[in-house]
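**Q** Pasting a structure here, questions to come.
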Amino acid sequence: MTTRVERLSRLMTISWAIQRRQRSTRSKALSQAWGIILNEDITVSYLVQRLNHHKPVKPGVRGQFSLFQR
């Protein structure tokens, strides 16, 4: 399980990447990063579908995807 400090550092890392790439304000980037972290399972499934060109993925393989170690 990740500690609070690790989770916050991941949040800030994602936020800074969003802020640099989209040239948005710090608060907007933080809220977007927070949404990504809170909805990790939805984000990962969306990325898998998109990168797999909407081809079906085996259920056993889908359980192996994780954005962050828990």
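In the structure tokens, chains take the letters A, B, ... in the order shown, each chain's residues start at 1, and ligands count up from 1 in the order shown.
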Need to verify the contact set: Gln64 (chain A), 12 Å, only C-alpha atoms, exclusion of same-chain residues closer than 6 positions in sequence. Can you return it as a PyMOL selection string?

**A** chain A and resi 41+44-45+48+57-58

**Q** Write a file of the just-selected residues containing N, CA, C and O atoms, as a PDB file, in the first residue's frame.

**A**
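Wrote it out as result_3.pdb, contents follow:
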ATOM      1  N   ASP A  41      -9.204   2.929 -12.384  1.00  0.00           N
ATOM      2  CA  ASP A  41      -9.680   1.769 -13.135  1.00  0.00           C
ATOM      3  C   ASP A  41     -10.348   2.169 -14.445  1.00  0.00           C
ATOM      4  O   ASP A  41     -10.165   1.521 -15.475  1.00  0.00           O
ATOM      5  N   VAL A  44      -7.490   3.444 -16.903  1.00  0.00           N
ATOM      6  CA  VAL A  44      -6.695   2.355 -17.468  1.00  0.00           C
ATOM      7  C   VAL A  44      -7.501   1.576 -18.497  1.00  0.00           C
ATOM      8  O   VAL A  44      -6.992   1.248 -19.580  1.00  0.00           O
ATOM      9  N   SER A  45      -8.766   1.292 -18.216  1.00  0.00           N
ATOM     10  CA  SER A  45      -9.575   0.549 -19.193  1.00  0.00           C
ATOM     11  C   SER A  45      -9.772   1.356 -20.471  1.00  0.00           C
ATOM     12  O   SER A  45      -9.739   0.803 -21.571  1.00  0.00           O
ATOM     13  N   VAL A  48      -6.467   1.186 -22.441  1.00  0.00           N
ATOM     14  CA  VAL A  48      -6.277  -0.146 -23.029  1.00  0.00           C
ATOM     15  C   VAL A  48      -7.139  -0.292 -24.280  1.00  0.00           C
ATOM     16  O   VAL A  48      -6.673  -0.769 -25.316  1.00  0.00           O
ATOM     17  N   VAL A  57     -10.241  -7.557 -25.251  1.00  0.00           N
ATOM     18  CA  VAL A  57      -9.122  -7.957 -24.404  1.00  0.00           C
ATOM     19  C   VAL A  57      -9.605  -9.071 -23.496  1.00  0.00           C
ATOM     20  O   VAL A  57     -10.723  -9.024 -22.976  1.00  0.00           O
ATOM     21  N   LYS A  58      -8.781 -10.090 -23.295  1.00  0.00           N
ATOM     22  CA  LYS A  58      -9.162 -11.206 -22.436  1.00  0.00           C
ATOM     23  C   LYS A  58      -9.375 -10.722 -21.003  1.00  0.00           C
ATOM     24  O   LYS A  58      -8.656  -9.842 -20.527  1.00  0.00           O
TER      25      LYS A  58
END

**Q** If we count only C-alpha atoms and set the cut-off at 9 Å, which residues sit around region 10-17 of chain A, ignoring sequence neighbours fewer than 5 positions away in its own chain? Please answer as an MDAnalysis selection string.

**A** chainID A and resid 5 22 26:34 36:37

**Q** Using Å and a single decimal, report how far CA of Lys55 (chain A) sits from CA of Thr43 (chain A).

**A**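 If I compute the distance from CA of Thr43 (chain A) to CA of Lys55 (chain A), I get 16.9 Å.
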
**Q** What is the CA of Gln19 (chain A) to CA of Gln49 (chain A) distance in Å?

**A**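 Going from CA of Gln19 (chain A) over to CA of Gln49 (chain A) covers 25.3 Å.
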